[in-house]
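In what follows, a structure is listed as structure tokens, so that the remarks can point back to it.
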Amino acid sequence: MKLLVSSCARLFKTPDGKIYTPVAYGYDFYKRYLKVFDEVIVAGFCDSIDDDEAKSMLLVSGEGISFFELPYPHGEWEYIFKRRKIQKALRGITDVCDAMLLRVPETLCFLIMDVAIRKRFPFAIEVTSDPLKLYTKASCPSKYRLVYKIWYYIQLRRASFFAQGTSYVTQYGLQRHYPPNLRKKGNFTTFYTDTNIKIDGSIKPRELPENRPVRLIHIAVSVGGFAKGHKEAIEALNLLLKQRIDVELTLVGQGDLADKNAEYIKNNGLEPYIRRTGKITADKVIEELDRADIFFFPSYNEGLPRVVVEAMSRALPVIATDIPAHRELLKADYLVPIMDSKSLAEKTAWIIKDADAYKKASAENIEKSKEYDIGIIEKKRTDFYQKIKESAIKK
């Protein structure tokens, strides 16, 4: 049986016909669907690249994976001009698969959804984020931000209504705005995350070490933007140092810091207190978490962040922003308002100065992270995919 999955990332084809992607959705990601389906068809915008460009990307091609390639639009205006051509290419998409799973909210997903609704072809969705949070002024600098916000919100509401199966990365946060339509007979829903973390049962609660700086750590795919709270993390570091609290900050992620952040660091003499690793492997991420003392994550918006769960699983106390995703993981004691460097510094100072609070946070995070062990998550995912398959057989 063939399952069509909409790609969360752009695809790139080399001269030998292999497909690559620049972000985290390589072949290993799509293997999860092959546990239930015989073949996975990845639908995505695809462009041509040479072999040298592919060296820095993840290979998507592999056994059991084929592709439904669509014209690649470069930028917003080119998408508008190519939209009709893309829609024409999608007309036969329901003919190539037996079942359909759309990872929303993404532009391509909603175009495919329109075809499925028109042809009355059942589909399921995996809801990964909230457009109402994704397209805030702080997270999205585009002048079309409000248009995106409204359009994606409406489309995601439609998707959750028309989808036969719905899954969410949150237990209740996303469901409030985009509820599943369970009034229709045969519809089903669940929740699980994309985290694939094997929880180490030997990890014990931490205590803050003495006679060295407290090591704060922040991890993101890129350090170049503002949406992950790099500005607030750096400003909070400065406030802590002004209180004569001995701290240092490690920033994990590829790219260069935004000009404003780099300028702030220079103007405040923070270079000796900030360490950058650049892009590192998953194993190195664990090493960095293990050498750290507190995980900083003042992000403006998240689905349900793997990196926070990963930090919790390594017994790190976490100070994060008060957003729905973080509320599902952390108690209010460890949350601060968005874009509030002062509160971030105050909360961090509290947990550094209170040894009992530090150890309690560490122990609580170990226990909470166990709910996201790969064994539990994989079973929930596989059960959901199995229901999609069974529904496709019945249709």
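Convention: chains lettered A, B, ... in structure tokens order; per-chain residue numbering from 1; ligands numbered from 1 as shown.
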
Would you kindly return, as a compact mmCIF listing (two decimals) with N, CA and C atoms, in the first residue's frame, each protein, DNA or RNA residue with an atom no farther than 6 Å from any atom of segment 290-305 of chain A, considering only C-alpha atoms and excluding same-chain residues fewer than 2 positions away?
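And here is the file that came out, result-v9.txt:
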# COMPACT_ATOMS: atom_id res chain seq x y z
N THR A 128 1.82 20.39 13.18
CA THR A 128 3.12 20.59 13.80
C THR A 128 3.31 21.96 14.45
N SER A 129 2.49 22.95 14.10
CA SER A 129 2.64 24.27 14.68
C SER A 129 1.38 25.09 14.50
N LYS A 133 0.71 31.69 16.26
CA LYS A 133 1.96 31.95 16.98
C LYS A 133 3.14 32.10 16.02
N VAL A 169 1.23 17.66 17.73
CA VAL A 169 2.45 17.54 18.51
C VAL A 169 2.23 17.97 19.96
N ARG A 215 27.16 27.08 33.63
CA ARG A 215 27.12 26.98 32.18
C ARG A 215 25.69 26.97 31.67
N LEU A 216 25.30 28.05 31.02
CA LEU A 216 24.00 28.14 30.36
C LEU A 216 24.16 27.68 28.92
N ILE A 217 23.10 27.06 28.37
CA ILE A 217 23.19 26.60 26.98
C ILE A 217 21.89 26.88 26.25
N HIS A 218 22.01 27.26 25.00
CA HIS A 218 20.87 27.51 24.10
C HIS A 218 21.16 26.77 22.80
N ALA A 227 13.62 34.54 16.47
CA ALA A 227 12.45 33.78 16.93
C ALA A 227 12.77 32.78 18.03
N LYS A 228 14.01 32.33 18.11
CA LYS A 228 14.39 31.36 19.14
C LYS A 228 14.89 32.04 20.42
N GLY A 229 14.83 33.38 20.44
CA GLY A 229 15.15 34.10 21.66
C GLY A 229 16.63 34.32 21.92
N GLU A 287 26.65 15.72 24.27
CA GLU A 287 27.85 16.08 25.02
C GLU A 287 27.76 17.51 25.56
N GLU A 288 27.26 18.42 24.73
CA GLU A 288 27.12 19.80 25.16
C GLU A 288 26.09 19.94 26.28
N VAL A 307 14.31 19.76 21.41
CA VAL A 307 15.51 20.14 22.13
C VAL A 307 15.24 20.36 23.61
N VAL A 308 14.06 20.84 23.96
CA VAL A 308 13.71 21.03 25.37
C VAL A 308 13.55 19.66 26.04
N LEU A 316 18.76 18.47 32.96
CA LEU A 316 19.02 19.91 33.02
C LEU A 316 17.76 20.67 33.46
N PRO A 317 17.85 21.54 34.44
CA PRO A 317 16.77 22.50 34.66
C PRO A 317 16.61 23.36 33.40
N VAL A 318 15.38 23.70 33.07
CA VAL A 318 15.10 24.47 31.86
C VAL A 318 14.35 25.74 32.23
N ILE A 319 14.83 26.88 31.73
CA ILE A 319 14.11 28.14 31.84
C ILE A 319 13.65 28.51 30.43
N ALA A 320 12.35 28.61 30.23
CA ALA A 320 11.81 28.82 28.88
C ALA A 320 10.67 29.83 28.91
N THR A 321 10.22 30.22 27.73
CA THR A 321 9.14 31.18 27.63
C THR A 321 7.78 30.55 27.90
N ALA A 325 3.36 25.28 24.15
CA ALA A 325 4.20 24.08 24.04
C ALA A 325 5.02 23.86 25.31

Practice task
Go through segment 290-366 of chain A and collect every residue that DSSP, computed from the backbone, puts in strand (DSSP E or B); the answer should be as number ranges by chain.
Solution key: A: 294-297, 318-321, 335-336

Problem - Residue nearest Lys184 of chain A - candidates A:Thr348, A:Gln164, A:Asn211, A:Ser61, atoms counted: only C-alpha atoms - result: A:Gln164

Handout entry: For segment 175-183 of chain A: contacts at 7 Å, only C-alpha atoms, fewer than 2 positions along chain excluded, given as JSON, numbers by chain
Key = {"A": [156, 157, 160, 161, 166, 172, 173, 185, 187, 188, 189]}

Problem - Who sits within 8 Å of segment 383-388 of chain A, only C-alpha atoms, same chain under 5 positions skipped, as a PyMOL selection string - result: chain A and resi 33+36+99+124+165+167+189-190

For the residues in that selection, give me N, CA and C atoms as a PDB file, in the first residue's frame.
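What ended up in out-v7.pdb:
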ATOM      1  N   TYR A  33       7.179   5.869   8.414  1.00  0.00           N
ATOM      2  CA  TYR A  33       5.957   5.503   7.701  1.00  0.00           C
ATOM      3  C   TYR A  33       6.069   4.118   7.054  1.00  0.00           C
ATOM      4  N   VAL A  36       4.536   0.744   8.424  1.00  0.00           N
ATOM      5  CA  VAL A  36       3.139   0.358   8.174  1.00  0.00           C
ATOM      6  C   VAL A  36       2.846   0.242   6.685  1.00  0.00           C
ATOM      7  N   ALA A  99      -3.313   6.167   0.272  1.00  0.00           N
ATOM      8  CA  ALA A  99      -3.627   6.952   1.465  1.00  0.00           C
ATOM      9  C   ALA A  99      -2.787   8.220   1.436  1.00  0.00           C
ATOM     10  N   ALA A 124      -5.324  12.308   6.121  1.00  0.00           N
ATOM     11  CA  ALA A 124      -5.019  12.566   7.531  1.00  0.00           C
ATOM     12  C   ALA A 124      -4.003  13.696   7.604  1.00  0.00           C
ATOM     13  N   GLY A 165      -8.268  11.654   9.837  1.00  0.00           N
ATOM     14  CA  GLY A 165      -7.411  11.407  10.988  1.00  0.00           C
ATOM     15  C   GLY A 165      -6.599  12.646  11.309  1.00  0.00           C
ATOM     16  N   SER A 167      -3.501  14.206  13.990  1.00  0.00           N
ATOM     17  CA  SER A 167      -2.548  14.060  15.083  1.00  0.00           C
ATOM     18  C   SER A 167      -1.914  15.413  15.345  1.00  0.00           C
ATOM     19  N   THR A 189      -8.326  10.627  16.225  1.00  0.00           N
ATOM     20  CA  THR A 189      -7.311  11.625  16.559  1.00  0.00           C
ATOM     21  C   THR A 189      -6.366  11.097  17.623  1.00  0.00           C
ATOM     22  N   THR A 190      -5.184  11.725  17.713  1.00  0.00           N
ATOM     23  CA  THR A 190      -4.189  11.367  18.722  1.00  0.00           C
ATOM     24  C   THR A 190      -3.214  12.522  18.858  1.00  0.00           C
TER      25      THR A 190
END

Practice task
Determine the nearest neighbour of Phe121 of chain A from the options A:Asn238, A:Asp51, A:Ile338, A:Ser391, counting only C-alpha atoms.
Solution key: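 Looking only at the distances to Phe121 of chain A, the closest residue turns out to be A:Ser391.
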
Handout entry: Which of segment 44-209 of chain A fall in alpha helix (DSSP H), as JSON, numbers by chain
Key = {"A": [51, 52, 53, 54, 76, 77, 78, 79, 80, 81, 82, 83, 84, 85, 86, 87, 88, 89, 90, 107, 108, 109, 110, 111, 112, 113, 114, 115, 116, 117, 118, 131, 132, 133, 134, 145, 146, 147, 148, 149, 150, 151, 152, 153, 154, 155, 156, 157, 158, 159, 160, 161, 162, 173, 174, 175, 176, 177]}

Could you dump the residues just selected with C-alpha atoms as a compact mmCIF listing (two decimals), in the first residue's frame?
# COMPACT_ATOMS: atom_id res chain seq x y z
CA ASP A 51 26.76 17.09 -6.54
CA ASP A 52 28.85 19.62 -4.62
CA GLU A 53 25.76 21.44 -3.35
CA ALA A 54 24.31 18.13 -2.14
CA GLU A 76 6.72 34.75 -2.86
CA TRP A 77 6.19 36.41 -6.23
CA GLU A 78 7.41 33.42 -8.22
CA TYR A 79 5.03 31.22 -6.22
CA ILE A 80 2.14 33.45 -7.28
CA PHE A 81 3.13 33.16 -10.94
CA LYS A 82 3.68 29.39 -10.66
CA ARG A 83 0.64 28.64 -8.53
CA ARG A 84 -1.61 27.68 -11.46
CA LYS A 85 1.11 25.43 -12.89
CA ILE A 86 1.54 23.76 -9.48
CA GLN A 87 -2.20 23.25 -9.13
CA LYS A 88 -2.32 21.68 -12.58
CA ALA A 89 0.50 19.30 -11.64
CA LEU A 90 -1.44 18.26 -8.52
CA THR A 107 1.50 25.85 1.61
CA LEU A 108 1.89 22.66 -0.42
CA CYS A 109 -0.15 20.65 2.08
CA PHE A 110 -3.12 22.94 1.66
CA LEU A 111 -2.91 22.80 -2.14
CA ILE A 112 -2.95 19.00 -1.95
CA MET A 113 -5.78 19.16 0.58
CA ASP A 114 -7.93 21.14 -1.87
CA VAL A 115 -7.54 18.37 -4.45
CA ALA A 116 -8.37 15.69 -1.88
CA ILE A 117 -11.50 17.53 -0.70
CA ARG A 118 -12.67 18.13 -4.26
CA PRO A 131 -0.01 29.90 12.52
CA LEU A 132 -1.36 32.28 15.16
CA LYS A 133 1.96 31.95 16.98
CA LEU A 134 4.17 31.37 13.95
CA ARG A 145 2.79 38.56 7.94
CA LEU A 146 -0.87 39.35 8.68
CA VAL A 147 -1.99 37.86 5.36
CA TYR A 148 -0.04 34.67 6.08
CA LYS A 149 -1.42 34.49 9.60
CA ILE A 150 -5.05 34.73 8.53
CA TRP A 151 -4.69 32.49 5.47
CA TYR A 152 -2.83 29.72 7.30
CA TYR A 153 -5.23 29.89 10.25
CA ILE A 154 -8.26 29.46 7.98
CA GLN A 155 -6.60 26.66 6.03
CA LEU A 156 -5.59 24.78 9.16
CA ARG A 157 -9.12 25.06 10.53
CA ARG A 158 -10.36 23.58 7.24
CA ALA A 159 -7.78 20.82 7.38
CA SER A 160 -8.71 19.76 10.91
CA PHE A 161 -12.41 19.76 9.94
CA PHE A 162 -12.09 17.76 6.71
CA GLY A 173 -2.57 23.33 22.94
CA LEU A 174 -3.09 23.06 19.17
CA GLN A 175 -6.39 21.22 19.58
CA ARG A 176 -7.97 24.31 21.13
CA HIS A 177 -7.68 26.34 17.94

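Among the candidates A:Ile234, A:Val223, A:Arg244, A:Glu378, the one nearest to Gly278 of chain A when counting only C-alpha atoms is A:Val223.
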
Please produce, as a Markdown table, a per-residue contact table for segment 81-103 of chain A versus segment 7-15 of chain A (criterion: any atom at most 12 Å away, only C-alpha atoms considered), showing the nearest atom pair and its distance in Å to one decimal, sorted by chain then residue number.
| residue | atom | partner | partner_atom | distance |
| --- | --- | --- | --- | --- |
| A:Met100 | CA | A:Ser7 | CA | 11.9 |
| A:Leu101 | CA | A:Ser7 | CA | 10.0 |
| A:Leu102 | CA | A:Ser7 | CA | 8.2 |
| A:Arg103 | CA | A:Cys8 | CA | 6.7 |

With N, CA and C atoms kept, could you save the residues just selected as a PDB file, in the first residue's frame?
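Here's the written file part.pdb:
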ATOM      1  N   MET A 100      -3.207   9.211   2.232  1.00  0.00           N
ATOM      2  CA  MET A 100      -2.559  10.516   2.172  1.00  0.00           C
ATOM      3  C   MET A 100      -2.408  11.088   3.578  1.00  0.00           C
ATOM      4  N   LEU A 101      -1.185  11.568   3.877  1.00  0.00           N
ATOM      5  CA  LEU A 101      -0.906  12.191   5.166  1.00  0.00           C
ATOM      6  C   LEU A 101      -0.215  13.528   4.908  1.00  0.00           C
ATOM      7  N   LEU A 102      -0.819  14.605   5.372  1.00  0.00           N
ATOM      8  CA  LEU A 102      -0.308  15.950   5.131  1.00  0.00           C
ATOM      9  C   LEU A 102       0.220  16.546   6.430  1.00  0.00           C
ATOM     10  N   ARG A 103       1.465  17.012   6.387  1.00  0.00           N
ATOM     11  CA  ARG A 103       2.071  17.645   7.563  1.00  0.00           C
ATOM     12  C   ARG A 103       1.820  19.156   7.474  1.00  0.00           C
TER      13      ARG A 103
END

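Proximity of A:Ile49, A:Ile93, A:Ala345, A:Ile351 to Lys242 of chain A, computed with only C-alpha atoms, is greatest for A:Ala345.
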
Selection near segment 367-377 of chain A, 8 Å with only C-alpha atoms, sequence-local residues under 2 positions removed, as a PDB file with N, CA and C atoms, in the first residue's frame:
ATOM      1  N   TYR A 192       1.231  13.105  19.438  1.00  0.00           N
ATOM      2  CA  TYR A 192       2.587  12.610  19.653  1.00  0.00           C
ATOM      3  C   TYR A 192       3.545  13.645  19.076  1.00  0.00           C
ATOM      4  N   THR A 193       4.794  13.570  19.432  1.00  0.00           N
ATOM      5  CA  THR A 193       5.766  14.545  18.952  1.00  0.00           C
ATOM      6  C   THR A 193       6.705  13.899  17.935  1.00  0.00           C
ATOM      7  N   THR A 195       9.836  13.930  18.516  1.00  0.00           N
ATOM      8  CA  THR A 195      11.033  13.598  19.278  1.00  0.00           C
ATOM      9  C   THR A 195      11.321  12.110  19.183  1.00  0.00           C
ATOM     10  N   ASN A 196      12.550  11.778  18.884  1.00  0.00           N
ATOM     11  CA  ASN A 196      12.989  10.379  18.857  1.00  0.00           C
ATOM     12  C   ASN A 196      14.113  10.221  19.875  1.00  0.00           C
ATOM     13  N   ILE A 197      13.753  10.273  21.130  1.00  0.00           N
ATOM     14  CA  ILE A 197      14.739  10.268  22.204  1.00  0.00           C
ATOM     15  C   ILE A 197      14.631   8.988  23.018  1.00  0.00           C
ATOM     16  N   LYS A 198      15.727   8.299  23.125  1.00  0.00           N
ATOM     17  CA  LYS A 198      15.786   7.131  23.993  1.00  0.00           C
ATOM     18  C   LYS A 198      16.222   7.613  25.363  1.00  0.00           C
ATOM     19  N   ILE A 199      15.314   7.547  26.322  1.00  0.00           N
ATOM     20  CA  ILE A 199      15.600   8.064  27.650  1.00  0.00           C
ATOM     21  C   ILE A 199      16.567   7.134  28.382  1.00  0.00           C
ATOM     22  N   VAL A 309      12.859  18.741  25.385  1.00  0.00           N
ATOM     23  CA  VAL A 309      12.704  17.398  25.940  1.00  0.00           C
ATOM     24  C   VAL A 309      14.071  16.733  26.105  1.00  0.00           C
ATOM     25  N   GLU A 310      14.933  16.946  25.122  1.00  0.00           N
ATOM     26  CA  GLU A 310      16.269  16.363  25.175  1.00  0.00           C
ATOM     27  C   GLU A 310      17.054  16.918  26.364  1.00  0.00           C
ATOM     28  N   MET A 312      15.759  18.151  29.120  1.00  0.00           N
ATOM     29  CA  MET A 312      15.124  17.605  30.324  1.00  0.00           C
ATOM     30  C   MET A 312      15.586  16.172  30.581  1.00  0.00           C
ATOM     31  N   SER A 313      15.721  15.400  29.496  1.00  0.00           N
ATOM     32  CA  SER A 313      16.127  13.998  29.652  1.00  0.00           C
ATOM     33  C   SER A 313      17.557  13.862  30.159  1.00  0.00           C
ATOM     34  N   LEU A 329       5.315  20.955  29.053  1.00  0.00           N
ATOM     35  CA  LEU A 329       6.537  20.300  29.493  1.00  0.00           C
ATOM     36  C   LEU A 329       7.011  20.766  30.867  1.00  0.00           C
ATOM     37  N   ALA A 363      15.230  16.884  38.912  1.00  0.00           N
ATOM     38  CA  ALA A 363      14.506  15.622  39.132  1.00  0.00           C
ATOM     39  C   ALA A 363      13.163  15.612  38.407  1.00  0.00           C
ATOM     40  N   GLU A 364      12.436  16.722  38.463  1.00  0.00           N
ATOM     41  CA  GLU A 364      11.132  16.804  37.791  1.00  0.00           C
ATOM     42  C   GLU A 364      11.289  16.635  36.278  1.00  0.00           C
ATOM     43  N   ASN A 365      12.325  17.215  35.709  1.00  0.00           N
ATOM     44  CA  ASN A 365      12.519  17.128  34.265  1.00  0.00           C
ATOM     45  C   ASN A 365      12.857  15.717  33.811  1.00  0.00           C
ATOM     46  N   LYS A 379       5.054   3.958  19.346  1.00  0.00           N
ATOM     47  CA  LYS A 379       3.821   3.169  19.397  1.00  0.00           C
ATOM     48  C   LYS A 379       2.615   4.029  19.030  1.00  0.00           C
ATOM     49  N   LYS A 380       2.552   5.251  19.548  1.00  0.00           N
ATOM     50  CA  LYS A 380       1.428   6.128  19.239  1.00  0.00           C
ATOM     51  C   LYS A 380       1.422   6.498  17.763  1.00  0.00           C
ATOM     52  N   ARG A 381       2.612   6.783  17.219  1.00  0.00           N
ATOM     53  CA  ARG A 381       2.697   7.113  15.792  1.00  0.00           C
ATOM     54  C   ARG A 381       2.270   5.926  14.938  1.00  0.00           C
TER      55      ARG A 381
END

Exercise for the section: Could you check which of A:Leu241, A:Ile265, A:Leu70, A:Val247 is closest to Glu210 of chain A, using only C-alpha atoms? Expected result: A:Val247

Practice task
Do a neighbour search on Ala163 of chain A at 7 Å with only C-alpha atoms, toss out local chain neighbours closer than 6 positions, and write the hits as a PyMOL selection string.
Solution key: chain A and resi 122-125

Exercise for the section: Could you please determine the separation between atom CA of Ser341 of chain A and atom CA of Ile245 of chain A in Å, to one decimal place? Expected result: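 According to the coordinates, atom CA of Ser341 of chain A and atom CA of Ile245 of chain A are separated by 15.6 Å.
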
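Closest approach to Tyr27 of chain A among A:Cys46, A:Val127, A:Val40, A:Val60 is made by A:Val60 (distances from only C-alpha atoms).
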